[in-house]
file data-v1.cif (mmCIF, C-alpha atoms (C1' of nucleotides))
data_input
loop_
_atom_site.group_PDB
_atom_site.id
_atom_site.type_symbol
_atom_site.label_atom_id
_atom_site.label_comp_id
_atom_site.auth_asym_id
_atom_site.auth_seq_id
_atom_site.Cartn_x
_atom_site.Cartn_y
_atom_site.Cartn_z
ATOM 1 C CA MET J 517 -7.020 -6.683 16.389
ATOM 2 C CA ASN J 518 -5.201 -9.669 14.975
ATOM 3 C CA GLU J 519 -8.376 -11.697 14.898
ATOM 4 C CA GLU J 520 -8.454 -15.250 13.582
ATOM 5 C CA LYS J 521 -8.861 -15.497 9.826
ATOM 6 C CA ASP J 522 -11.976 -17.197 8.592
ATOM 7 C CA ARG J 523 -10.586 -19.840 6.268
ATOM 8 C CA THR J 524 -14.004 -21.259 5.442
ATOM 9 C CA SER J 525 -14.819 -18.169 3.350
ATOM 10 C CA PRO J 526 -11.640 -17.394 1.466
ATOM 11 C CA GLU J 527 -13.325 -14.548 -0.367
ATOM 12 C CA ALA J 528 -12.052 -11.924 2.094
ATOM 13 C CA TRP J 529 -8.481 -11.426 0.958
ATOM 14 C CA PRO J 530 -6.163 -9.014 2.776
ATOM 15 C CA SER J 531 -6.527 -5.543 1.323
ATOM 16 C CA GLU J 532 -2.744 -5.331 0.902
ATOM 17 C CA TRP J 533 -2.864 -8.246 -1.532
ATOM 18 C CA LEU J 534 -5.686 -6.659 -3.520
ATOM 19 C CA ARG J 535 -3.655 -3.516 -4.100
ATOM 20 C CA GLY J 536 -3.053 -3.128 -7.811
ATOM 21 C CA CYS J 537 -4.688 -6.509 -8.452
ATOM 22 C CA VAL J 538 -8.232 -5.156 -8.388
ATOM 23 C CA GLU J 539 -7.220 -2.538 -10.903
ATOM 24 C CA LEU J 540 -5.786 -5.166 -13.250
ATOM 25 C CA CYS J 541 -8.729 -7.505 -12.746
ATOM 26 C CA THR J 542 -11.129 -4.651 -13.441
ATOM 27 C CA LEU J 543 -9.336 -3.969 -16.731
ATOM 28 C CA ARG J 544 -9.545 -7.672 -17.494
ATOM 29 C CA ALA J 545 -13.294 -7.645 -16.757
ATOM 30 C CA ILE J 546 -13.800 -4.718 -19.146
ATOM 31 C CA ALA J 547 -11.776 -6.571 -21.795
ATOM 32 C CA ASP J 548 -14.625 -9.099 -22.128
ATOM 33 C CA GLY J 549 -16.782 -6.326 -23.518
ATOM 34 C CA PRO J 550 -18.209 -2.968 -22.377
ATOM 35 C CA THR J 551 -19.596 -3.205 -18.880
ATOM 36 C CA TYR J 552 -20.395 -0.928 -15.936
ATOM 37 C CA GLY J 553 -19.216 -0.544 -12.370
ATOM 38 C CA TYR J 554 -21.905 -2.403 -10.500
ATOM 39 C CA ALA J 555 -21.652 -5.411 -12.849
ATOM 40 C CA ILE J 556 -17.863 -5.443 -12.546
ATOM 41 C CA ALA J 557 -18.129 -5.581 -8.755
ATOM 42 C CA SER J 558 -20.650 -8.422 -8.951
ATOM 43 C CA GLY J 559 -18.489 -10.316 -11.429
ATOM 44 C CA LEU J 560 -15.313 -9.966 -9.379
ATOM 45 C CA GLU J 561 -17.143 -11.121 -6.265
ATOM 46 C CA SER J 562 -18.534 -14.199 -7.976
ATOM 47 C CA SER J 563 -15.046 -14.929 -9.336
ATOM 48 C CA GLY J 564 -13.779 -15.182 -5.775
ATOM 49 C CA PHE J 565 -12.215 -11.779 -5.189
ATOM 50 C CA GLY J 566 -14.555 -10.843 -2.368
ATOM 51 C CA SER J 567 -16.838 -7.845 -2.192
ATOM 52 C CA ILE J 568 -15.283 -4.845 -3.966
ATOM 53 C CA LYS J 569 -16.959 -1.788 -2.481
ATOM 54 C CA GLY J 570 -18.050 1.391 -4.224
ATOM 55 C CA GLY J 571 -15.462 3.410 -2.327
ATOM 56 C CA THR J 572 -12.821 1.210 -3.944
ATOM 57 C CA LEU J 573 -14.268 0.632 -7.398
ATOM 58 C CA TYR J 574 -15.485 4.045 -8.529
ATOM 59 C CA PRO J 575 -12.310 5.990 -7.763
ATOM 60 C CA LEU J 576 -10.426 3.103 -9.414
ATOM 61 C CA LEU J 577 -12.520 3.398 -12.587
ATOM 62 C CA THR J 578 -11.866 7.147 -12.621
ATOM 63 C CA ARG J 579 -8.134 6.412 -12.438
ATOM 64 C CA LEU J 580 -8.398 3.975 -15.359
ATOM 65 C CA GLU J 581 -10.161 6.629 -17.431
ATOM 66 C CA ARG J 582 -7.643 9.330 -16.493
ATOM 67 C CA ALA J 583 -4.814 6.948 -17.460
ATOM 68 C CA GLY J 584 -6.389 6.604 -20.911
ATOM 69 C CA TRP J 585 -6.966 2.866 -20.590
ATOM 70 C CA VAL J 586 -10.758 3.027 -20.761
ATOM 71 C CA SER J 587 -13.376 5.310 -22.278
ATOM 72 C CA THR J 588 -16.960 5.712 -21.095
ATOM 73 C CA THR J 589 -20.451 6.012 -22.510
ATOM 74 C CA TRP J 590 -23.718 6.401 -20.644
ATOM 75 C CA GLY J 591 -26.452 3.858 -21.253
ATOM 76 C CA ALA J 592 -29.967 3.239 -20.000
ATOM 77 C CA GLY J 593 -30.444 0.957 -17.038
ATOM 78 C CA ASP J 594 -32.444 -2.250 -17.395
ATOM 79 C CA GLY J 595 -35.059 -1.352 -14.797
ATOM 80 C CA GLY J 596 -32.916 0.934 -12.706
ATOM 81 C CA PRO J 597 -30.723 3.994 -12.869
ATOM 82 C CA GLY J 598 -28.443 4.833 -15.778
ATOM 83 C CA ARG J 599 -25.257 2.867 -16.336
ATOM 84 C CA LYS J 600 -21.820 4.189 -17.152
ATOM 85 C CA PHE J 601 -20.271 1.721 -19.573
ATOM 86 C CA TYR J 602 -16.519 1.277 -19.742
ATOM 87 C CA HIS J 603 -14.651 0.245 -22.913
ATOM 88 C CA LEU J 604 -10.989 -0.693 -23.262
ATOM 89 C CA THR J 605 -8.961 1.723 -25.395
ATOM 90 C CA PRO J 606 -6.072 0.436 -27.568
ATOM 91 C CA ALA J 607 -3.722 1.778 -24.881
ATOM 92 C CA GLY J 608 -5.757 -0.176 -22.321
ATOM 93 C CA VAL J 609 -5.462 -3.385 -24.349
ATOM 94 C CA ASP J 610 -1.718 -2.891 -24.569
ATOM 95 C CA HIS J 611 -1.349 -2.053 -20.888
ATOM 96 C CA LEU J 612 -3.456 -5.029 -19.813
ATOM 97 C CA ALA J 613 -1.354 -7.422 -21.884
ATOM 98 C CA HIS J 614 1.920 -6.198 -20.448
ATOM 99 C CA ALA J 615 0.714 -5.772 -16.866
ATOM 100 C CA ALA J 616 -0.917 -9.205 -16.793
ATOM 101 C CA SER J 617 2.323 -10.739 -18.004
ATOM 102 C CA ASP J 618 4.302 -8.825 -15.383
ATOM 103 C CA TRP J 619 1.882 -9.784 -12.615
ATOM 104 C CA THR J 620 2.106 -13.452 -13.540
ATOM 105 C CA ARG J 621 5.910 -13.328 -13.340
ATOM 106 C CA PHE J 622 5.728 -11.486 -10.024
ATOM 107 C CA ALA J 623 3.196 -13.919 -8.585
ATOM 108 C CA ASN J 624 5.324 -16.906 -9.617
ATOM 109 C CA LEU J 625 8.415 -15.296 -8.121
ATOM 110 C CA VAL J 626 6.712 -14.781 -4.761
ATOM 111 C CA THR J 627 4.977 -18.153 -4.764
ATOM 112 C CA ASP J 628 8.224 -19.962 -5.573
ATOM 113 C CA TYR J 629 10.096 -18.011 -2.911
ATOM 114 C CA LEU J 630 7.448 -18.741 -0.274
ATOM 115 C CA THR J 631 7.046 -22.422 -1.043
ATOM 116 C CA HIS J 632 10.577 -23.662 -1.672
ATOM 117 C CA PRO J 633 11.905 -25.997 1.061
ATOM 118 C CA ILE J 634 13.122 -24.384 4.266
ATOM 119 C CA ASP J 635 16.860 -24.589 4.862
ATOM 120 C CA GLU J 636 17.322 -25.440 8.582
ATOM 121 C CA ARG J 637 20.990 -24.706 9.174
ATOM 122 C CA HIS J 638 21.294 -22.828 12.443
ATOM 123 C CA MET C 1053 26.946 -0.200 -6.089
ATOM 124 C CA ASN C 1054 26.580 -0.068 -9.876
ATOM 125 C CA GLU C 1055 22.900 -0.083 -10.800
ATOM 126 C CA GLU C 1056 22.981 -0.696 -14.523
ATOM 127 C CA LYS C 1057 21.437 -3.887 -15.866
ATOM 128 C CA ASP C 1058 22.221 -6.326 -13.084
ATOM 129 C CA ARG C 1059 20.899 -9.725 -14.088
ATOM 130 C CA THR C 1060 20.171 -10.695 -10.505
ATOM 131 C CA SER C 1061 18.039 -7.646 -9.674
ATOM 132 C CA PRO C 1062 16.739 -5.818 -12.713
ATOM 133 C CA GLU C 1063 13.227 -5.773 -11.324
ATOM 134 C CA ALA C 1064 11.438 -2.757 -9.934
ATOM 135 C CA TRP C 1065 8.019 -4.196 -9.138
ATOM 136 C CA PRO C 1066 5.113 -1.797 -8.518
ATOM 137 C CA SER C 1067 5.000 -0.927 -4.833
ATOM 138 C CA GLU C 1068 1.302 -1.870 -4.726
ATOM 139 C CA TRP C 1069 2.180 -5.445 -5.638
ATOM 140 C CA LEU C 1070 4.822 -5.623 -2.921
ATOM 141 C CA ARG C 1071 2.303 -4.724 -0.228
ATOM 142 C CA GLY C 1072 1.994 -7.622 2.147
ATOM 143 C CA CYS C 1073 4.279 -9.734 -0.059
ATOM 144 C CA VAL C 1074 7.502 -8.243 1.323
ATOM 145 C CA GLU C 1075 6.268 -8.994 4.813
ATOM 146 C CA LEU C 1076 5.616 -12.624 3.934
ATOM 147 C CA CYS C 1077 8.878 -12.987 2.036
ATOM 148 C CA THR C 1078 10.765 -11.473 4.964
ATOM 149 C CA LEU C 1079 9.221 -14.064 7.287
ATOM 150 C CA ARG C 1080 10.205 -16.731 4.766
ATOM 151 C CA ALA C 1081 13.794 -15.420 4.704
ATOM 152 C CA ILE C 1082 13.980 -15.579 8.504
ATOM 153 C CA ALA C 1083 12.634 -19.145 8.377
ATOM 154 C CA ASP C 1084 15.919 -20.268 6.799
ATOM 155 C CA GLY C 1085 17.651 -19.414 10.062
ATOM 156 C CA PRO C 1086 18.296 -16.340 12.218
ATOM 157 C CA THR C 1087 19.339 -13.401 10.093
ATOM 158 C CA TYR C 1088 19.398 -9.613 10.263
ATOM 159 C CA GLY C 1089 17.826 -6.733 8.386
ATOM 160 C CA TYR C 1090 20.601 -5.799 6.027
ATOM 161 C CA ALA C 1091 21.162 -9.416 4.979
ATOM 162 C CA ILE C 1092 17.436 -9.908 4.439
ATOM 163 C CA ALA C 1093 17.328 -6.893 2.131
ATOM 164 C CA SER C 1094 20.345 -8.166 0.181
ATOM 165 C CA GLY C 1095 18.821 -11.653 -0.066
ATOM 166 C CA LEU C 1096 15.458 -10.394 -1.287
ATOM 167 C CA GLU C 1097 17.162 -8.209 -3.880
ATOM 168 C CA SER C 1098 19.269 -11.070 -5.227
ATOM 169 C CA SER C 1099 16.113 -13.220 -5.318
ATOM 170 C CA GLY C 1100 14.586 -10.758 -7.763
ATOM 171 C CA PHE C 1101 12.355 -8.649 -5.515
ATOM 172 C CA GLY C 1102 14.201 -5.421 -6.214
ATOM 173 C CA SER C 1103 15.829 -3.134 -3.686
ATOM 174 C CA ILE C 1104 13.927 -3.185 -0.382
ATOM 175 C CA LYS C 1105 14.853 0.031 1.377
ATOM 176 C CA GLY C 1106 15.495 0.620 5.078
ATOM 177 C CA GLY C 1107 12.394 2.799 5.334
ATOM 178 C CA THR C 1108 10.374 -0.232 4.254
ATOM 179 C CA LEU C 1109 12.245 -3.047 5.957
ATOM 180 C CA TYR C 1110 12.897 -1.807 9.482
ATOM 181 C CA PRO C 1111 9.343 -0.705 10.292
ATOM 182 C CA LEU C 1112 8.230 -4.023 8.755
ATOM 183 C CA LEU C 1113 10.534 -5.999 11.059
ATOM 184 C CA THR C 1114 9.191 -4.037 14.030
ATOM 185 C CA ARG C 1115 5.667 -5.015 12.985
ATOM 186 C CA LEU C 1116 6.675 -8.680 12.761
ATOM 187 C CA GLU C 1117 8.102 -8.505 16.265
ATOM 188 C CA ARG C 1118 5.058 -6.726 17.663
ATOM 189 C CA ALA C 1119 2.832 -9.366 16.048
ATOM 190 C CA GLY C 1120 4.769 -12.049 17.954
ATOM 191 C CA TRP C 1121 6.018 -13.768 14.795
ATOM 192 C CA VAL C 1122 9.715 -13.089 15.384
ATOM 193 C CA SER C 1123 12.003 -12.509 18.353
ATOM 194 C CA THR C 1124 15.309 -10.638 18.330
ATOM 195 C CA THR C 1125 18.823 -10.916 19.727
ATOM 196 C CA TRP C 1126 21.754 -8.561 19.237
ATOM 197 C CA GLY C 1127 24.969 -9.952 17.819
ATOM 198 C CA ALA C 1128 28.371 -8.621 16.873
ATOM 199 C CA GLY C 1129 28.961 -7.438 13.336
ATOM 200 C CA ASP C 1130 31.591 -9.112 11.180
ATOM 201 C CA GLY C 1131 33.736 -6.025 10.670
ATOM 202 C CA GLY C 1132 30.976 -3.491 11.053
ATOM 203 C CA PRO C 1133 28.259 -2.316 13.403
ATOM 204 C CA GLY C 1134 26.135 -4.627 15.567
ATOM 205 C CA ARG C 1135 23.470 -6.802 14.008
ATOM 206 C CA LYS C 1136 19.954 -7.400 15.241
ATOM 207 C CA PHE C 1137 19.151 -11.053 14.530
ATOM 208 C CA TYR C 1138 15.579 -12.155 13.937
ATOM 209 C CA HIS C 1139 14.268 -15.630 14.796
ATOM 210 C CA LEU C 1140 10.900 -17.155 13.879
ATOM 211 C CA THR C 1141 8.675 -17.888 16.874
ATOM 212 C CA PRO C 1142 6.315 -20.909 16.856
ATOM 213 C CA ALA C 1143 3.501 -18.444 16.142
ATOM 214 C CA GLY C 1144 5.581 -17.110 13.272
ATOM 215 C CA VAL C 1145 6.099 -20.590 11.839
ATOM 216 C CA ASP C 1146 2.364 -21.207 12.012
ATOM 217 C CA HIS C 1147 1.478 -17.848 10.495
ATOM 218 C CA LEU C 1148 3.984 -18.262 7.669
ATOM 219 C CA ALA C 1149 2.616 -21.686 6.754
ATOM 220 C CA HIS C 1150 -0.980 -20.490 6.594
ATOM 221 C CA ALA C 1151 -0.262 -17.134 4.955
ATOM 222 C CA ALA C 1152 1.986 -18.699 2.295
ATOM 223 C CA SER C 1153 -0.777 -21.172 1.466
ATOM 224 C CA ASP C 1154 -3.340 -18.363 1.280
ATOM 225 C CA TRP C 1155 -1.076 -16.232 -0.889
ATOM 226 C CA THR C 1156 -0.517 -19.084 -3.326
ATOM 227 C CA ARG C 1157 -4.263 -19.571 -3.692
ATOM 228 C CA PHE C 1158 -4.761 -15.835 -4.145
ATOM 229 C CA ALA C 1159 -1.966 -15.566 -6.721
ATOM 230 C CA ASN C 1160 -3.396 -18.477 -8.710
ATOM 231 C CA LEU C 1161 -6.863 -16.931 -8.584
ATOM 232 C CA VAL C 1162 -5.609 -13.612 -9.967
ATOM 233 C CA THR C 1163 -3.272 -15.177 -12.531
ATOM 234 C CA ASP C 1164 -6.043 -17.462 -13.833
ATOM 235 C CA TYR C 1165 -8.472 -14.556 -14.007
ATOM 236 C CA LEU C 1166 -5.996 -12.360 -15.874
ATOM 237 C CA THR C 1167 -4.823 -14.981 -18.340
ATOM 238 C CA HIS C 1168 -7.974 -16.838 -19.336
ATOM 239 C CA PRO C 1169 -9.077 -16.195 -22.929
ATOM 240 C CA ILE C 1170 -10.863 -12.929 -23.649
ATOM 241 C CA ASP C 1171 -14.536 -13.257 -24.539
ATOM 242 C CA GLU C 1172 -15.157 -10.839 -27.443
ATOM 243 C CA ARG C 1173 -18.952 -10.593 -27.571
ATOM 244 C CA HIS C 1174 -19.906 -6.972 -27.943
ATOM 245 C "C1'" DC N 1245 -45.020 5.666 1.023
ATOM 246 C "C1'" DA N 1246 -41.877 2.256 3.123
ATOM 247 C "C1'" DT N 1247 -38.670 -0.984 1.707
ATOM 248 C "C1'" DA N 1248 -35.423 -3.125 -1.309
ATOM 249 C "C1'" DC N 1249 -32.491 -3.470 -5.037
ATOM 250 C "C1'" DT N 1250 -29.724 -1.286 -8.558
ATOM 251 C "C1'" DA N 1251 -26.244 2.228 -9.724
ATOM 252 C "C1'" DA N 1252 -22.806 5.917 -9.180
ATOM 253 C "C1'" DG N 1253 -20.280 8.743 -6.362
ATOM 254 C "C1'" DT N 1254 -17.796 11.353 -2.217
ATOM 255 C "C1'" DA N 1255 -15.431 12.019 2.492
ATOM 256 C "C1'" DG N 1256 -12.365 10.727 5.721
ATOM 257 C "C1'" DG N 1257 -9.447 7.142 7.881
ATOM 258 C "C1'" DT N 1258 -5.689 3.903 7.723
ATOM 259 C "C1'" DA N 1259 -1.797 1.075 6.322
ATOM 260 C "C1'" DC N 1260 2.374 0.566 4.089
ATOM 261 C "C1'" DG N 1261 5.936 1.238 0.686
ATOM 262 C "C1'" DC N 1262 8.526 5.279 -0.729
ATOM 263 C "C1'" DT N 1263 12.253 9.079 -0.479
ATOM 264 C "C1'" DA N 1264 15.294 11.261 2.360
ATOM 265 C "C1'" DC N 1265 17.761 11.792 6.317
ATOM 266 C "C1'" DA N 1266 20.288 10.585 10.875
ATOM 267 C "C1'" DT N 1267 23.489 7.853 13.405
ATOM 268 C "C1'" DA N 1268 27.354 4.919 13.995
ATOM 269 C "C1'" DG N 1269 31.082 1.168 13.499
ATOM 270 C "C1'" DT N 1270 34.858 -0.499 10.486
ATOM 271 C "C1'" DA N 1271 38.204 -0.270 6.720
ATOM 272 C "C1'" DT N 1272 41.210 1.850 3.329
ATOM 273 C "C1'" DG N 1273 43.937 5.145 1.050
ATOM 274 C "C1'" DA N 1274 45.661 9.914 0.156
ATOM 275 C "C1'" DT D 814 44.422 12.926 9.988
ATOM 276 C "C1'" DC D 815 40.826 13.113 7.154
ATOM 277 C "C1'" DA D 816 37.876 11.663 3.325
ATOM 278 C "C1'" DT D 817 35.344 8.130 1.504
ATOM 279 C "C1'" DA D 818 32.883 3.890 1.291
ATOM 280 C "C1'" DC D 819 30.496 0.068 2.959
ATOM 281 C "C1'" DT D 820 27.834 -2.040 6.602
ATOM 282 C "C1'" DA D 821 23.915 -1.647 9.711
ATOM 283 C "C1'" DT D 822 19.804 0.199 12.098
ATOM 284 C "C1'" DG D 823 16.491 3.475 12.482
ATOM 285 C "C1'" DT D 824 13.009 7.764 11.990
ATOM 286 C "C1'" DA D 825 10.112 11.463 9.570
ATOM 287 C "C1'" DG D 826 7.016 12.633 6.367
ATOM 288 C "C1'" DC D 827 4.665 11.769 1.794
ATOM 289 C "C1'" DG D 828 1.550 9.498 -1.486
ATOM 290 C "C1'" DT D 829 -1.359 6.058 -2.867
ATOM 291 C "C1'" DA D 830 -5.144 2.885 -2.690
ATOM 292 C "C1'" DC D 831 -8.286 0.186 -0.132
ATOM 293 C "C1'" DC D 832 -11.615 0.633 3.612
ATOM 294 C "C1'" DT D 833 -16.008 2.172 6.139
ATOM 295 C "C1'" DA D 834 -19.729 5.033 5.915
ATOM 296 C "C1'" DC D 835 -22.620 8.063 3.723
ATOM 297 C "C1'" DT D 836 -25.287 10.452 -0.144
ATOM 298 C "C1'" DT D 837 -28.069 10.682 -4.272
ATOM 299 C "C1'" DA D 838 -31.254 8.709 -7.380
ATOM 300 C "C1'" DG D 839 -34.137 5.440 -10.478
ATOM 301 C "C1'" DT D 840 -37.298 1.432 -10.451
ATOM 302 C "C1'" DA D 841 -40.288 -2.073 -8.423
ATOM 303 C "C1'" DT D 842 -43.312 -4.099 -4.910
ATOM 304 C "C1'" DG D 843 -46.568 -4.390 -1.137
#
call {"tool": "encode", "arguments": {"input": "data-v1.cif", "output": "structure tokens"}}
result
Amino acid sequence: MNEEKDRTSPEAWPSEWLRGCVELCTLRAIADGPTYGYAIASGLESSGFGSIKGGTLYPLLTRLERAGWVSTTWGAGDGGPGRKFYHLTPAGVDHLAHAASDWTRFANLVTDYLTHPIDERH
Amino acid sequence: MNEEKDRTSPEAWPSEWLRGCVELCTLRAIADGPTYGYAIASGLESSGFGSIKGGTLYPLLTRLERAGWVSTTWGAGDGGPGRKFYHLTPAGVDHLAHAASDWTRFANLVTDYLTHPIDERH
DNA sequence: CATACTAAGTAGGTACGCTACATAGTATGA
DNA sequence: TCATACTATGTAGCGTACCTACTTAGTATG
């Protein structure tokens, strides 16, 4: 354990940091228009979030639906199996707006705390 | 303590967001000079991170020590029980610098993803 | 019909923040 | 003397969410 981090491929973020963030980013991905799980995973990966696996994404999407933030419709696949499309509900739009604002404040709080000059009195 | 609307610590951030962050912020707190658990918790709370409980902090500090990032010495309490002081090790200094840099990049990635304009083509 | 890619999903493991509790030293006031 | 409160460290057990690994299934290609 405690192996050296590979800083040349920064697309493998610690899973602790992804907690909650993947959920928000998934909502944000759906906000751009109805899309389906596999495409969301591909999009997040190409945006630099690393590979989001099925064991993470599909239970997450189920949670979003149960929370009332997304609704689903089945559609035909474009040369492949059927696709389950996710749409933001009004509650989802509202939640995304508030949660994104909160996350930004939280991220700035942590970043500022981590990066302010070290006080060496000891 | 009166927990109404305290301006210094009104925040109760989602526990998912605190994952990994509290560990980093604790290291950052120790970087300002040797300090002990209870003071770290008070400092983080007054910095806006919310109330970090003993059940979170003390196992966390044990993990930091086991990882080799901090060392400990016992000191007398100022009118109270003994205090276990934590010091950053050279490995801890190095880890903090790299992890803080990584976290900042991660936070910016997520914030940018969440806040860029929504594309309404559907 | 073997392989590969797309697509959705489940099972079980693990890590970590959470609540709640245990222990103990010091201080103050009834 | 005892009750209470604050300081200070620590453990036990729970829940959640990400992880690895696996399963099912449709389409396409050689």
call {"tool": "interface_residues", "arguments": {"input": "data-v1.cif", "of": "chain D", "to": "chain C", "cutoff": "9 Å", "atoms": "all atoms listed in the file", "output": "PyMOL selection string"}}
result
chain D and resi 819-824+829-830
call {"tool": "resolve_selection", "arguments": {"input": "data-v1.cif", "expression": "the PyMOL selection byres ((chain D and resi 816) around 10)", "output": "MDAnalysis selection string"}}
result
(chainID N and resid 1273:1274) or (chainID D and resid 814:815 817:818)
call {"tool": "closest_residue", "arguments": {"input": "data-v1.cif", "among": "C:Tyr1165, C:Phe1158, C:Phe1101, C:Trp1121", "to": "Val1145 of chain C", "atoms": "all atoms listed in the file"}}
result
C:Trp1121
call {"tool": "atom_distance", "arguments": {"input": "data-v1.cif", "atom1": "atom CA of Asn624 of chain J", "atom2": "atom CA of Pro1169 of chain C"}}
result
19.6 Å
call {"tool": "closest_residue", "arguments": {"input": "data-v1.cif", "among": "J:Ala528, J:Leu576, J:Ala616, J:Ala545", "to": "Leu604 of chain J", "atoms": "only C-alpha atoms"}}
result
J:Ala545
call {"tool": "resolve_selection", "arguments": {"input": "data-v1.cif", "expression": "the PyMOL selection byres ((chain J) within 8 of (chain C))", "output": "number ranges by chain"}}
result
J: 529, 532-533, 535-537, 540-541, 544, 547-550, 564, 616, 619-620, 622-627, 629-631, 634-638
call {"tool": "closest_atom_pairs", "arguments": {"input": "data-v1.cif", "of": "chain N", "to": "chain C", "cutoff": "7 Å", "atoms": "all atoms listed in the file", "output": "CSV"}}
result
residue,atom,partner,partner_atom,distance
N:DC1260,C1',C:Arg1071,CA,6.8
N:DG1261,C1',C:Thr1108,CA,5.9
N:DG1269,C1',C:Pro1133,CA,4.5
N:DT1270,C1',C:Gly1132,CA,4.9
call {"tool": "write_last_selection", "arguments": {"input": "data-v1.cif", "atoms": "C-alpha atoms (C1' of nucleotides)", "output": "compact mmCIF listing (two decimals), in the coordinates of the input"}}
result
# COMPACT_ATOMS: atom_id res chain seq x y z
C1' DC N 1260 2.37 0.57 4.09
C1' DG N 1261 5.94 1.24 0.69
C1' DG N 1269 31.08 1.17 13.50
C1' DT N 1270 34.86 -0.50 10.49
call {"tool": "axis_aligned_box", "arguments": {"input": "data-v1.cif", "around": "segment 1256-1269 of chain N", "padding_each_side": "8 Å", "output": "JSON"}}
result
{"center_x": 9.4, "center_y": 6.2, "center_z": 6.6, "size_x": 59.4, "size_y": 27.2, "size_z": 30.7}
call {"tool": "calpha_fit_rmsd", "arguments": {"input": "data-v1.cif", "fixed": "chain J", "moving": "chain C"}}
result
4.2 Å
call {"tool": "atom_distance", "arguments": {"input": "data-v1.cif", "atom1": "atom CA of Glu561 of chain J", "atom2": "atom C1' of DA838 of chain D"}}
result
24.4 Å
call {"tool": "residues_around", "arguments": {"input": "data-v1.cif", "residues": "DA1255 of chain N", "least_positions_apart": "4", "cutoff": "12 Å", "atoms": "all atoms listed in the file", "output": "ChimeraX atom specification"}}
result
/J:571 /D:833-836
call {"tool": "closest_residue", "arguments": {"input": "data-v1.cif", "among": "J:Pro606, J:Ala557, J:Phe601, J:Ser567", "to": "Gly584 of chain J", "atoms": "only C-alpha atoms"}}
result
J:Pro606
call {"tool": "atom_distance", "arguments": {"input": "data-v1.cif", "atom1": "atom CA of His1139 of chain C", "atom2": "atom CA of Ser1098 of chain C"}}
result
21.1 Å
call {"tool": "resolve_selection", "arguments": {"input": "data-v1.cif", "expression": "the PyMOL selection byres ((chain N and resi 1247) around 12)", "output": "ChimeraX atom specification"}}
result
/N:1245-1246,1248-1249 /D:841-843
call {"tool": "closest_residue", "arguments": {"input": "data-v1.cif", "among": "J:Ser558, J:Thr578, J:His611, J:Glu539", "to": "DG1253 of chain N", "atoms": "only C-alpha atoms (C1' of nucleotides)"}}
result
J:Thr578
call {"tool": "closest_residue", "arguments": {"input": "data-v1.cif", "among": "N:DT1258, N:DT1250, N:DT1272, N:DT1267", "to": "DG839 of chain D", "atoms": "all atoms listed in the file"}}
result
N:DT1250
